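S.K.: Coordinates in coords_20.txt, compact mmCIF, C-alpha atoms, are listed below.
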# COMPACT_ATOMS: atom_id res chain seq x y z
CA MET A 1 -6.65 0.45 -28.86
CA GLU A 2 -9.90 1.22 -27.06
CA ASN A 3 -11.48 4.70 -26.99
CA ASP A 4 -10.71 5.29 -23.30
CA GLN A 5 -7.07 4.31 -23.68
CA ALA A 6 -6.66 6.41 -26.85
CA PHE A 7 -8.28 9.38 -25.08
CA VAL A 8 -5.80 9.24 -22.18
CA GLU A 9 -2.81 9.01 -24.51
CA MET A 10 -4.05 11.87 -26.71
CA VAL A 11 -4.63 14.26 -23.81
CA VAL A 12 -1.44 13.40 -21.93
CA LYS A 13 0.76 13.62 -25.04
CA ALA A 14 -0.60 17.13 -25.59
CA ILE A 15 0.50 18.38 -22.14
CA VAL A 16 3.88 16.70 -21.55
CA SER A 17 7.37 17.60 -22.76
CA HIS A 18 8.23 14.01 -23.73
CA PRO A 19 5.19 12.68 -25.64
CA GLU A 20 7.24 9.83 -27.08
CA ASP A 21 7.51 8.33 -23.56
CA VAL A 22 3.74 8.20 -22.97
CA THR A 23 2.39 4.64 -22.86
CA THR A 24 -0.68 3.06 -21.32
CA GLU A 25 -1.72 -0.40 -20.20
CA ARG A 26 -5.40 -1.37 -20.14
CA LYS A 27 -6.67 -4.15 -17.85
CA ILE A 28 -10.21 -5.30 -17.21
CA ASP A 29 -11.21 -6.93 -13.93
CA GLU A 30 -14.31 -7.30 -11.75
CA ARG A 31 -14.13 -3.62 -10.73
CA GLY A 32 -14.01 -2.30 -14.29
CA VAL A 33 -11.28 -0.98 -16.54
CA LEU A 34 -7.94 0.17 -15.16
CA ILE A 35 -5.69 2.27 -17.36
CA THR A 36 -2.14 2.60 -16.07
CA LEU A 37 -0.30 5.61 -17.45
CA HIS A 38 3.49 5.52 -17.84
CA ILE A 39 5.24 8.84 -18.50
CA ASN A 40 8.70 10.33 -18.32
CA GLN A 41 9.57 11.17 -14.71
CA GLU A 42 10.24 14.80 -15.68
CA ASP A 43 6.62 15.15 -16.87
CA MET A 44 5.04 13.95 -13.62
CA GLY A 45 4.27 17.49 -12.46
CA TYR A 46 2.49 18.37 -15.71
CA VAL A 47 0.22 15.34 -15.50
CA ILE A 48 -0.54 15.55 -11.78
CA GLY A 49 -0.80 19.34 -11.66
CA ARG A 50 -0.97 21.63 -8.67
CA GLN A 51 -2.59 19.77 -5.78
CA GLY A 52 -3.56 17.00 -8.20
CA GLN A 53 -5.98 19.16 -10.18
CA THR A 54 -4.86 18.02 -13.63
CA ALA A 55 -4.95 14.33 -12.69
CA ARG A 56 -8.36 14.80 -11.07
CA ALA A 57 -9.72 16.51 -14.21
CA LEU A 58 -8.29 13.77 -16.41
CA ARG A 59 -9.91 11.08 -14.26
CA THR A 60 -13.27 12.87 -14.37
CA LEU A 61 -13.16 13.17 -18.16
CA LEU A 62 -12.10 9.55 -18.45
CA LYS A 63 -15.10 8.47 -16.38
CA ILE A 64 -17.35 10.32 -18.84
CA VAL A 65 -15.69 8.57 -21.78
CA GLY A 66 -16.21 5.26 -19.98
CA ALA A 67 -19.85 6.07 -19.23
CA ARG A 68 -20.51 6.24 -22.96
CA GLU A 69 -19.48 2.57 -23.14
CA ASN A 70 -21.23 1.64 -19.86
CA ALA A 71 -17.85 0.92 -18.29
CA ARG A 72 -16.30 2.03 -15.03
CA VAL A 73 -12.88 3.37 -15.99
CA ASN A 74 -10.13 4.29 -13.53
CA LEU A 75 -6.73 5.86 -14.13
CA LYS A 76 -3.55 5.00 -12.30
CA ILE A 77 -0.47 7.14 -12.88
CA TYR A 78 2.54 4.88 -12.52
CA GLU A 79 5.20 6.29 -10.24
CA PRO A 80 8.36 4.20 -9.90
CA GLU A 81 9.43 3.18 -6.40
CA GLY A 82 11.87 5.70 -4.92
CA SER A 83 10.89 8.45 -7.32
CA ARG A 84 11.98 11.99 -6.55
CA ARG A 85 8.43 13.33 -6.09
CA SER A 86 7.38 10.93 -3.34
CA SER A 87 10.56 11.51 -1.34
CA PHE A 88 10.22 15.28 -1.81
CA ARG A 89 6.69 15.17 -0.40
CA SER A 90 7.65 13.27 2.72
CA GLU A 91 10.78 15.34 3.38
CA HIS A 92 9.09 18.72 2.98
CA ARG A 93 5.76 18.12 4.67
CA SER A 94 5.11 20.30 7.68
CA GLU A 95 4.28 18.48 10.91
CA ASN A 96 0.97 20.33 11.19
CA ALA A 97 0.01 20.08 7.53
CA PRO A 98 -2.45 17.39 6.52
CA ALA A 99 -1.01 14.56 4.45
CA HIS A 100 -2.80 15.10 1.14
CA ASP A 101 -2.32 12.48 -1.51
CA SER A 102 -2.49 13.99 -4.99
CA MET A 103 -3.48 10.57 -6.33
CA MET A 104 -6.58 10.25 -4.14
CA ASP A 105 -9.86 9.04 -5.60
CA VAL A 106 -12.32 11.71 -6.56
CA ASP A 107 -16.03 11.45 -5.82
CA THR A 108 -17.51 11.01 -9.28
CA ASP A 109 -20.94 9.66 -8.34
CA SER A 110 -22.63 12.42 -10.31
CA VAL A 111 -20.64 11.50 -13.41
CA ASP A 112 -21.01 7.72 -13.03
CA SER A 113 -24.76 7.87 -13.64
CA LEU A 114 -24.60 9.99 -16.81
CA LYS A 115 -26.26 8.55 -19.88
CA ILE A 116 -24.17 9.84 -22.76
Transcribe the structure of this file into structure tokens.

M.R.:
Amino acid sequence: MENDQAFVEMVVKAIVSHPEDVTTERKIDERGVLITLHINQEDMGYVIGRQGQTARALRTLLKIVGARENARVNLKIYEPEGSRRSSFRSEHRSENAPAHDSMMDVDTDSVDSLKI
């Protein structure tokens, strides 16, 4: 297991209620490394956090870990089709409220150029 993948698993297992269900897949393509995180559906809120803050922080830290290896590393949190969270968001969104996606990409240009 690579350092970036081990890092994600270690951090996520520490914050979820079902650490035995945490798994990751690591794929390398022309855009860099993609780590797909699979967790128990009940733990989705812990990993994403309020307004996506936990997921955003995890992605930022992961980019720093990747920078040490001169690799561009991205994190995708797997959410099964028809999951409760996505239907809850669409059903309870106010008409005037902006449609924020808690899985949006974060501007990490300042982190991408770090030499660690």

S.K.: With distances taken over only C-alpha atoms, which of A:Gln5, A:Thr36, A:Thr54, A:Gln41 is nearest to A:Ser17?

M.R.: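 Closest to A:Ser17, using only C-alpha atoms: A:Gln41.
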
S.K.: Hey, what's within 12 Å of A:Arg31 if we count all atoms listed in the file and toss same-chain stuff fewer than 4 positions away? As a compact mmCIF listing (two decimals) with C-alpha atoms, in the frame of the given file, please?

M.R.:
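Just written: selection-v9.txt:
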# COMPACT_ATOMS: atom_id res chain seq x y z
CA LYS A 27 -6.67 -4.15 -17.85
CA ALA A 71 -17.85 0.92 -18.29
CA ARG A 72 -16.30 2.03 -15.03
CA VAL A 73 -12.88 3.37 -15.99
CA ASN A 74 -10.13 4.29 -13.53

S.K.: The residues within 9 Å of (-14.7, 8.3, -15.2), using all atoms listed in the file and the coordinates of the file, should be reported as an mmCIF file with C-alpha atoms, in the coordinates of the input; which are they?

M.R.:
data_model
loop_
_atom_site.group_PDB
_atom_site.id
_atom_site.type_symbol
_atom_site.label_atom_id
_atom_site.label_comp_id
_atom_site.auth_asym_id
_atom_site.auth_seq_id
_atom_site.Cartn_x
_atom_site.Cartn_y
_atom_site.Cartn_z
ATOM 1 C CA LEU A 58 -8.290 13.770 -16.410
ATOM 2 C CA ARG A 59 -9.910 11.080 -14.260
ATOM 3 C CA THR A 60 -13.270 12.870 -14.370
ATOM 4 C CA LEU A 61 -13.160 13.170 -18.160
ATOM 5 C CA LEU A 62 -12.100 9.550 -18.450
ATOM 6 C CA LYS A 63 -15.100 8.470 -16.380
ATOM 7 C CA ILE A 64 -17.350 10.320 -18.840
ATOM 8 C CA VAL A 65 -15.690 8.570 -21.780
ATOM 9 C CA GLY A 66 -16.210 5.260 -19.980
ATOM 10 C CA ALA A 67 -19.850 6.070 -19.230
ATOM 11 C CA ALA A 71 -17.850 0.920 -18.290
ATOM 12 C CA ARG A 72 -16.300 2.030 -15.030
ATOM 13 C CA VAL A 73 -12.880 3.370 -15.990
ATOM 14 C CA ASN A 74 -10.130 4.290 -13.530
ATOM 15 C CA LEU A 75 -6.730 5.860 -14.130
ATOM 16 C CA THR A 108 -17.510 11.010 -9.280
ATOM 17 C CA VAL A 111 -20.640 11.500 -13.410
ATOM 18 C CA ASP A 112 -21.010 7.720 -13.030
#

S.K.: Please report the interatomic distance between atom CA of A:Thr24 and atom CA of A:Glu69 in Å with one decimal.

M.R.: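 Taking atom CA of A:Thr24 as the start and atom CA of A:Glu69 as the end point, the length is 18.9 Å.
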
S.K.: Which is closer to A:Asp43 than all the others in A:Arg68, A:Lys76, A:His18, A:Lys13, using all atoms listed in the file?

M.R.: A:His18
